[in-house]
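The next block is query-v7.cif, given as mmCIF, C-alpha atoms.
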```cif
data_run
#
loop_
_atom_site.group_PDB
_atom_site.id
_atom_site.type_symbol
_atom_site.label_atom_id
_atom_site.label_comp_id
_atom_site.auth_asym_id
_atom_site.auth_seq_id
_atom_site.Cartn_x
_atom_site.Cartn_y
_atom_site.Cartn_z
ATOM 1 C CA MET A 12 0.000 0.000 0.000
ATOM 2 C CA LYS A 13 1.527 3.287 -1.111
ATOM 3 C CA ILE A 14 -0.483 6.403 -0.328
ATOM 4 C CA THR A 15 1.638 8.520 -2.669
ATOM 5 C CA GLU A 16 0.813 6.217 -5.581
ATOM 6 C CA LEU A 17 -2.846 6.278 -4.594
ATOM 7 C CA ASN A 18 -2.922 10.064 -4.829
ATOM 8 C CA LYS A 19 -0.990 10.004 -8.107
ATOM 9 C CA HIS A 20 -3.613 7.722 -9.637
ATOM 10 C CA HIS A 21 -6.310 9.990 -8.224
ATOM 11 C CA ALA A 22 -4.673 13.081 -9.761
ATOM 12 C CA ILE A 23 -4.184 11.368 -13.136
ATOM 13 C CA SER A 24 -7.819 10.234 -13.215
ATOM 14 C CA LYS A 25 -9.015 13.776 -12.443
ATOM 15 C CA ILE A 26 -6.856 15.210 -15.230
ATOM 16 C CA LEU A 27 -8.188 12.608 -17.680
ATOM 17 C CA HIS A 28 -11.767 13.376 -16.625
ATOM 18 C CA PHE A 29 -11.093 17.080 -17.132
ATOM 19 C CA LEU A 30 -9.611 16.558 -20.608
ATOM 20 C CA THR A 31 -12.505 14.258 -21.524
ATOM 21 C CA PHE A 32 -14.960 16.932 -20.400
ATOM 22 C CA ILE A 33 -13.238 19.540 -22.568
ATOM 23 C CA PHE A 34 -13.252 17.216 -25.594
ATOM 24 C CA LEU A 35 -16.922 16.246 -25.204
ATOM 25 C CA SER A 36 -17.932 19.862 -24.568
ATOM 26 C CA LEU A 37 -16.103 21.002 -27.693
ATOM 27 C CA MET A 38 -17.770 18.273 -29.765
ATOM 28 C CA LEU A 39 -21.178 19.258 -28.385
ATOM 29 C CA ILE A 40 -20.572 22.943 -29.141
ATOM 30 C CA LEU A 41 -19.573 22.107 -32.710
ATOM 31 C CA LEU A 42 -22.621 19.863 -33.115
ATOM 32 C CA ILE A 43 -24.970 22.587 -31.840
ATOM 33 C CA SER A 44 -23.338 25.172 -34.121
ATOM 34 C CA MET A 45 -23.801 22.865 -37.126
ATOM 35 C CA GLU A 46 -27.479 22.359 -36.258
ATOM 36 C CA LEU A 47 -27.960 26.110 -35.889
ATOM 37 C CA SER A 48 -26.229 26.847 -39.181
ATOM 38 C CA ASP A 49 -28.535 24.361 -40.880
ATOM 39 C CA HIS A 50 -31.600 25.839 -39.142
ATOM 40 C CA PHE A 51 -30.750 29.415 -40.128
ATOM 41 C CA LYS A 52 -29.622 28.375 -43.623
ATOM 42 C CA ILE A 53 -26.046 29.525 -43.103
ATOM 43 C CA ASP A 54 -23.477 27.992 -45.400
ATOM 44 C CA PRO A 55 -20.451 26.853 -43.281
ATOM 45 C CA LYS A 56 -18.176 27.721 -46.230
ATOM 46 C CA THR A 57 -19.172 31.367 -45.796
ATOM 47 C CA ILE A 58 -17.781 31.371 -42.254
ATOM 48 C CA ILE A 59 -14.685 29.375 -43.193
ATOM 49 C CA ASN A 60 -13.774 31.600 -46.162
ATOM 50 C CA ASN A 61 -14.460 34.912 -44.413
ATOM 51 C CA SER A 62 -11.690 35.788 -41.938
ATOM 52 C CA GLN A 63 -13.932 38.096 -39.872
ATOM 53 C CA TYR A 64 -16.735 35.546 -39.553
ATOM 54 C CA ARG A 65 -14.207 32.810 -38.856
ATOM 55 C CA LEU A 66 -12.616 34.805 -36.020
ATOM 56 C CA TYR A 67 -16.038 35.616 -34.570
ATOM 57 C CA TYR A 68 -17.022 31.948 -34.652
ATOM 58 C CA ILE A 69 -13.778 30.857 -32.946
ATOM 59 C CA LEU A 70 -14.234 33.478 -30.218
ATOM 60 C CA VAL A 71 -17.825 32.361 -29.557
ATOM 61 C CA VAL A 72 -16.739 28.710 -29.337
ATOM 62 C CA LEU A 73 -13.830 29.552 -27.015
ATOM 63 C CA PHE A 74 -16.010 31.748 -24.797
ATOM 64 C CA THR A 75 -18.650 29.017 -24.485
ATOM 65 C CA LEU A 76 -15.977 26.415 -23.741
ATOM 66 C CA ILE A 77 -14.369 28.641 -21.089
ATOM 67 C CA VAL A 78 -17.747 29.160 -19.375
ATOM 68 C CA LEU A 79 -18.314 25.396 -19.268
ATOM 69 C CA VAL A 80 -14.785 24.818 -17.918
ATOM 70 C CA VAL A 81 -15.327 27.418 -15.176
ATOM 71 C CA ILE A 82 -18.570 25.676 -14.176
ATOM 72 C CA TYR A 83 -16.803 22.288 -14.170
ATOM 73 C CA ILE A 84 -13.929 23.577 -12.030
ATOM 74 C CA SER A 85 -16.308 25.291 -9.590
ATOM 75 C CA ILE A 86 -18.066 21.953 -9.037
ATOM 76 C CA PHE A 87 -14.968 19.767 -8.800
ATOM 77 C CA ILE A 88 -12.440 22.253 -7.354
ATOM 78 C CA ASN A 89 -12.287 20.434 -4.012
ATOM 79 C CA ASP A 90 -11.599 17.130 -5.754
ATOM 80 C CA PHE A 91 -8.443 18.508 -7.353
ATOM 81 C CA PHE A 92 -6.929 19.258 -3.947
ATOM 82 C CA GLU A 93 -8.525 16.456 -1.944
ATOM 83 C CA LYS A 94 -6.133 13.779 -0.734
ATOM 84 C CA ASN A 95 -7.250 10.178 -0.590
ATOM 85 C CA TYR A 96 -6.107 7.906 2.198
ATOM 86 C CA TYR A 97 -6.755 4.687 4.075
ATOM 87 C CA PHE A 98 -7.967 4.798 7.638
ATOM 88 C CA ILE A 99 -9.079 2.579 10.507
ATOM 89 C CA GLU A 100 -12.171 3.384 12.518
ATOM 90 C CA ASP A 101 -11.889 3.117 16.305
ATOM 91 C CA TYR A 102 -8.293 1.871 16.271
ATOM 92 C CA ASN A 103 -7.417 0.095 19.547
ATOM 93 C CA ASP A 104 -10.874 1.023 20.850
ATOM 94 C CA VAL A 105 -9.906 4.654 21.420
ATOM 95 C CA ASP A 106 -12.954 5.938 19.519
ATOM 96 C CA ARG A 107 -10.756 7.829 17.071
ATOM 97 C CA LYS A 108 -10.009 7.461 13.371
ATOM 98 C CA LEU A 109 -6.449 6.394 12.602
ATOM 99 C CA ILE A 110 -5.342 7.854 9.256
ATOM 100 C CA ILE A 111 -2.464 6.173 7.434
ATOM 101 C CA LEU A 112 -0.310 8.800 5.754
ATOM 102 C CA GLN A 113 2.750 6.956 4.493
ATOM 103 C CA LYS A 114 4.711 3.732 4.734
ATOM 104 C CA TYR A 115 8.385 3.983 5.635
ATOM 105 C CA LYS A 116 10.314 0.705 5.600
ATOM 106 C CA GLU A 117 8.399 -1.573 8.023
ATOM 107 C CA GLN A 118 6.491 1.198 9.709
ATOM 108 C CA TYR A 119 3.475 3.342 8.990
ATOM 109 C CA ILE A 120 3.373 7.066 9.637
ATOM 110 C CA CYS A 121 -0.121 7.880 10.876
ATOM 111 C CA THR A 122 -2.200 10.562 12.515
ATOM 112 C CA TYR A 123 -5.577 10.780 14.219
ATOM 113 C CA ASP A 124 -8.955 12.134 13.032
ATOM 114 C CA SER A 125 -7.834 14.539 10.290
ATOM 115 C CA ILE A 126 -5.194 14.432 7.582
ATOM 116 C CA ASP A 127 -4.328 18.027 8.531
ATOM 117 C CA ASN A 128 -3.427 16.947 12.056
ATOM 118 C CA ASN A 129 0.305 17.682 12.523
ATOM 119 C CA ASN A 130 0.769 15.085 15.263
ATOM 120 C CA ARG A 131 2.405 11.921 13.909
ATOM 121 C CA ILE A 132 2.193 8.353 15.194
ATOM 122 C CA ILE A 133 4.603 5.614 14.157
ATOM 123 C CA ILE A 134 3.103 2.114 14.055
ATOM 124 C CA ASN A 135 4.881 -1.085 13.117
ATOM 125 C CA SER A 136 3.402 -2.804 10.068
ATOM 126 C CA GLU A 137 2.676 -6.048 11.944
ATOM 127 C CA ASN A 138 0.330 -4.138 14.243
ATOM 128 C CA LEU A 139 -1.918 -3.352 11.287
ATOM 129 C CA GLU A 140 -2.053 -6.841 9.844
ATOM 130 C CA ASN A 141 -5.517 -8.408 9.456
ATOM 131 C CA ILE A 142 -7.193 -5.090 10.281
ATOM 132 C CA GLU A 143 -9.885 -3.785 7.974
ATOM 133 C CA LEU A 144 -8.842 -0.623 6.165
ATOM 134 C CA LYS A 145 -11.361 1.847 4.823
ATOM 135 C CA TYR A 146 -10.774 4.136 1.897
ATOM 136 C CA HIS A 147 -11.536 7.851 2.043
ATOM 137 C CA TYR A 148 -12.632 9.765 -1.021
ATOM 138 C CA ARG A 149 -14.611 12.893 -1.556
ATOM 139 C CA ASP A 150 -18.052 12.718 -3.113
ATOM 140 C CA SER A 151 -18.406 15.810 -5.294
ATOM 141 C CA PHE A 152 -22.150 15.380 -5.507
ATOM 142 C CA LYS A 153 -22.720 14.961 -1.800
ATOM 143 C CA THR A 154 -25.837 16.881 -0.793
ATOM 144 C CA PRO A 155 -24.841 19.880 1.360
ATOM 145 C CA ASP A 156 -26.300 20.256 4.841
ATOM 146 C CA ILE A 157 -26.978 23.799 6.035
ATOM 147 C CA SER A 158 -28.871 22.777 9.172
ATOM 148 C CA ASN A 159 -25.692 23.140 11.271
ATOM 149 C CA ILE A 160 -26.246 26.890 11.095
ATOM 150 C CA LEU A 161 -28.844 26.304 13.820
ATOM 151 C CA ASP A 162 -25.996 25.614 16.238
ATOM 152 C CA ILE A 163 -25.133 29.296 16.533
ATOM 153 C CA LYS A 164 -25.784 31.056 19.807
ATOM 154 C CA TYR A 165 -28.815 33.049 18.625
ATOM 155 C CA LYS A 166 -31.455 30.492 17.594
ATOM 156 C CA ASN A 167 -33.836 32.962 15.918
ATOM 157 C CA LEU A 168 -31.005 34.265 13.764
ATOM 158 C CA GLY A 169 -30.019 30.685 12.950
ATOM 159 C CA VAL A 170 -33.556 29.818 11.803
ATOM 160 C CA THR A 171 -33.680 32.963 9.646
ATOM 161 C CA LEU A 172 -30.329 32.210 8.026
ATOM 162 C CA PHE A 173 -31.406 28.607 7.480
ATOM 163 C CA PHE A 174 -34.468 29.587 5.434
ATOM 164 C CA ILE A 175 -32.449 32.199 3.555
ATOM 165 C CA GLY A 176 -30.051 29.378 2.731
ATOM 166 C CA LEU A 177 -32.964 27.456 1.211
ATOM 167 C CA ILE A 178 -34.062 30.416 -0.904
ATOM 168 C CA PHE A 179 -30.733 31.089 -2.663
ATOM 169 C CA PRO A 180 -30.479 27.649 -4.361
ATOM 170 C CA LEU A 181 -34.125 28.012 -5.393
ATOM 171 C CA LEU A 182 -33.392 31.394 -6.992
ATOM 172 C CA PHE A 183 -30.323 29.958 -8.740
ATOM 173 C CA ASN A 184 -32.358 27.046 -10.133
ATOM 174 C CA THR A 185 -35.101 29.416 -11.282
ATOM 175 C CA ILE A 186 -32.598 31.661 -13.067
ATOM 176 C CA LEU A 187 -30.955 28.592 -14.626
ATOM 177 C CA LEU A 188 -34.270 27.236 -15.949
ATOM 178 C CA PHE A 189 -35.374 30.586 -17.367
ATOM 179 C CA GLY A 190 -31.898 31.101 -18.811
ATOM 180 C CA LEU A 191 -32.045 27.794 -20.670
ATOM 181 C CA VAL A 192 -35.500 28.605 -22.059
ATOM 182 C CA PHE A 193 -34.373 32.107 -23.074
ATOM 183 C CA LEU A 194 -31.230 30.737 -24.748
ATOM 184 C CA ASN A 195 -33.284 28.321 -26.824
ATOM 185 C CA TYR A 196 -35.775 31.096 -27.613
ATOM 186 C CA ILE A 197 -33.212 33.570 -28.976
ATOM 187 C CA LEU A 198 -31.756 30.725 -31.057
ATOM 188 C CA ASP A 199 -35.254 30.013 -32.387
ATOM 189 C CA PHE A 200 -35.144 26.501 -30.884
ATOM 190 C CA GLY A 201 -32.925 25.605 -33.826
ATOM 191 C CA SER A 202 -30.778 22.932 -32.158
ATOM 192 C CA MET A 203 -32.248 19.621 -31.058
ATOM 193 C CA SER A 204 -29.040 18.807 -29.131
ATOM 194 C CA LEU A 205 -29.343 22.065 -27.170
ATOM 195 C CA LEU A 206 -33.003 21.351 -26.452
ATOM 196 C CA ILE A 207 -32.220 17.869 -25.147
ATOM 197 C CA LEU A 208 -29.296 19.164 -23.076
ATOM 198 C CA SER A 209 -31.469 21.947 -21.625
ATOM 199 C CA PHE A 210 -34.175 19.435 -20.725
ATOM 200 C CA ILE A 211 -31.665 17.138 -18.978
ATOM 201 C CA LEU A 212 -30.088 20.039 -17.057
ATOM 202 C CA SER A 213 -33.534 21.250 -15.987
ATOM 203 C CA ILE A 214 -34.477 17.823 -14.630
ATOM 204 C CA VAL A 215 -31.139 17.489 -12.817
ATOM 205 C CA ALA A 216 -31.493 20.978 -11.301
ATOM 206 C CA ILE A 217 -35.027 20.305 -10.045
ATOM 207 C CA ILE A 218 -34.170 16.881 -8.592
ATOM 208 C CA SER A 219 -30.986 18.236 -6.956
ATOM 209 C CA TYR A 220 -32.893 21.033 -5.251
ATOM 210 C CA LEU A 221 -35.654 18.690 -4.053
ATOM 211 C CA VAL A 222 -33.040 16.319 -2.559
ATOM 212 C CA PHE A 223 -31.276 19.286 -0.933
ATOM 213 C CA LEU A 224 -34.579 20.629 0.411
ATOM 214 C CA LYS A 225 -35.660 17.247 1.792
ATOM 215 C CA LYS A 226 -32.341 16.626 3.562
ATOM 216 C CA SER A 227 -32.146 20.169 4.950
ATOM 217 C CA LEU A 228 -35.700 20.150 6.343
ATOM 218 C CA LYS A 229 -35.217 16.651 7.785
ATOM 219 C CA ASN A 230 -32.071 17.722 9.638
ATOM 220 C CA PHE A 231 -33.769 20.983 10.621
ATOM 221 C CA ILE A 232 -36.599 19.087 12.344
ATOM 222 C CA LYS A 233 -34.114 16.756 14.081
ATOM 223 C CA ARG A 234 -32.140 19.677 15.479
ATOM 224 C CA LEU A 235 -35.275 21.426 16.718
ATOM 225 C CA LYS A 236 -36.306 18.301 18.655
ATOM 226 C CA LYS A 237 -32.995 18.161 20.511
#
```

Re-express the file's structure as structure tokens.
Amino acid sequence: MKITELNKHHAISKILHFLTFIFLSLMLILLISMELSDHFKIDPKTIINNSQYRLYYILVVLFTLIVLVVIYISIFINDFFEKNYYFIEDYNDVDRKLIILQKYKEQYICTYDSIDNNNRIIINSENLENIELKYHYRDSFKTPDISNILDIKYKNLGVTLFFIGLIFPLLFNTILLFGLVFLNYILDFGSMSLLILSFILSIVAIISYLVFLKKSLKNFIKRLKK
């Protein structure tokens, strides 16, 4: 078991996912542009042969691709810096999580509870034999929980901030849905690929908010009963 190799594989996989996203996004943009050119009866040769039109087209494609990349990075930014590791729950019945950082010769360099903990523990490898190891990874799509805001000193303020926290995602989803409809409208609904993509994104946005709302209200009720 080599934690450094584990994180290298993790980093390589994230880079490959990122490059794949860029490639697929570029292909989708080109496909949508071809559908729109056919819908509006625009001859692609006109754009290719005209340097001004060609530059304008390249800038639009690059701008759209950059926007998609920014959205991708904003979602997965924590994954790029997240370190994966093996750990043991309740090691030696001390009710603490033992995190394995690195193997050095016949010993493991470990710490407790958090990978950012600067305290180090040296454990011989034979002491970890036949012990179940768990693997830590970050779930980028884990539903956020804002109910912990109720733990602040002023309960009324906490409740107010909690419901404000529910409103902002709702506003974002509303703007997203109207934005997708408006985008298709100004393009005269000329791209079937864009229509399908907009429909899928709308469904995902609605389901994501409903899951977020359900979890938040459930935890909210639990905390009020305490």

Report task. List the neighbours of region 28-36 of chain A out to 12 Å using only C-alpha atoms; skip same-chain residues closer than 4 positions along the sequence, and give me the result as a ChimeraX atom specification. Result -> /A:21-24,40-43,72-73,75-84,86-88,90-91,205,208

The residue from A:Leu37, A:Ile142, A:Leu47, A:Ile218 with the smallest atom-to-atom distance to Met203 (chain A), counting all atoms listed in the file, is A:Leu47

- Message: Here's the selection I'm unsure about, the PyMOL selection byres ((chain A and resi 198) around 12); applied to the file above, which residues does it give, as a ChimeraX atom specification?
- Response: /A:43-44,46-48,50-51,191-197,199-203,205-206

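For the pair CA of Lys226 (chain A) and CA of Pro180 (chain A), the separation is 13.7 Å.
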
| query | Just so the selection is clear, what residues does the PyMOL selection byres ((chain A and resi 187) around 12) cover here, as a ChimeraX atom specification? | reply | /A:180-186,188-194,209-210,212-217

Grab the residues selected above and save them as a short mmCIF file (atom, residue, chain, number, x, y, z; two decimals), keeping the file's coordinate frame with C-alpha atoms.
```cif
data_model
loop_
_atom_site.label_atom_id
_atom_site.label_comp_id
_atom_site.auth_asym_id
_atom_site.auth_seq_id
_atom_site.Cartn_x
_atom_site.Cartn_y
_atom_site.Cartn_z
CA PRO A 180 -30.48 27.65 -4.36
CA LEU A 181 -34.12 28.01 -5.39
CA LEU A 182 -33.39 31.39 -6.99
CA PHE A 183 -30.32 29.96 -8.74
CA ASN A 184 -32.36 27.05 -10.13
CA THR A 185 -35.10 29.42 -11.28
CA ILE A 186 -32.60 31.66 -13.07
CA LEU A 188 -34.27 27.24 -15.95
CA PHE A 189 -35.37 30.59 -17.37
CA GLY A 190 -31.90 31.10 -18.81
CA LEU A 191 -32.04 27.79 -20.67
CA VAL A 192 -35.50 28.60 -22.06
CA PHE A 193 -34.37 32.11 -23.07
CA LEU A 194 -31.23 30.74 -24.75
CA SER A 209 -31.47 21.95 -21.62
CA PHE A 210 -34.17 19.43 -20.72
CA LEU A 212 -30.09 20.04 -17.06
CA SER A 213 -33.53 21.25 -15.99
CA ILE A 214 -34.48 17.82 -14.63
CA VAL A 215 -31.14 17.49 -12.82
CA ALA A 216 -31.49 20.98 -11.30
CA ILE A 217 -35.03 20.30 -10.04
#
```

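Rounded to one decimal, CA of Gly176 (chain A) and CA of Arg234 (chain A) lie 16.2 Å from each other.
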
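Neighbouring residues of Ile110 (chain A) at 9 Å or closer, counting only C-alpha atoms and skipping chain neighbours under 6 positions away, are Tyr96, Tyr97, Phe98, Ile99, Glu100, Ile120, Cys121, Thr122, Tyr123, Asp124, Ser125 and Ile126 of chain A.
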
- Query: Which residues, written as JSON, numbers by chain, have at least one atom at most 12 Å from Lys229 (chain A), with only C-alpha atoms counted and residues fewer than 6 positions away on the same chain left out?
  - Reply: {"A": [156, 157, 158, 222, 223, 235, 236]}

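Taking CA of Tyr119 (chain A) and CA of Asn138 (chain A) as endpoints, the distance between them is 9.7 Å.
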
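Picked by the PyMOL selection byres ((chain A and resi 118) around 8) from the coordinates shown: Lys114, Tyr115, Lys116, Glu117, Tyr119, Ile120, Ile133, Ile134, Asn135 and Ser136 of chain A.
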
Could you turn the residues from that selection into a file that holds C-alpha atoms, as a JSON list (two decimals), in the coordinates of the input?
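Final output, result-v4.json:
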```json
[["chain", "number", "residue", "atom", "x", "y", "z"],
["A", 114, "LYS", "CA", 4.71, 3.73, 4.73],
["A", 115, "TYR", "CA", 8.38, 3.98, 5.64],
["A", 116, "LYS", "CA", 10.31, 0.70, 5.60],
["A", 117, "GLU", "CA", 8.40, -1.57, 8.02],
["A", 119, "TYR", "CA", 3.48, 3.34, 8.99],
["A", 120, "ILE", "CA", 3.37, 7.07, 9.64],
["A", 133, "ILE", "CA", 4.60, 5.61, 14.16],
["A", 134, "ILE", "CA", 3.10, 2.11, 14.06],
["A", 135, "ASN", "CA", 4.88, -1.08, 13.12],
["A", 136, "SER", "CA", 3.40, -2.80, 10.07]]
```
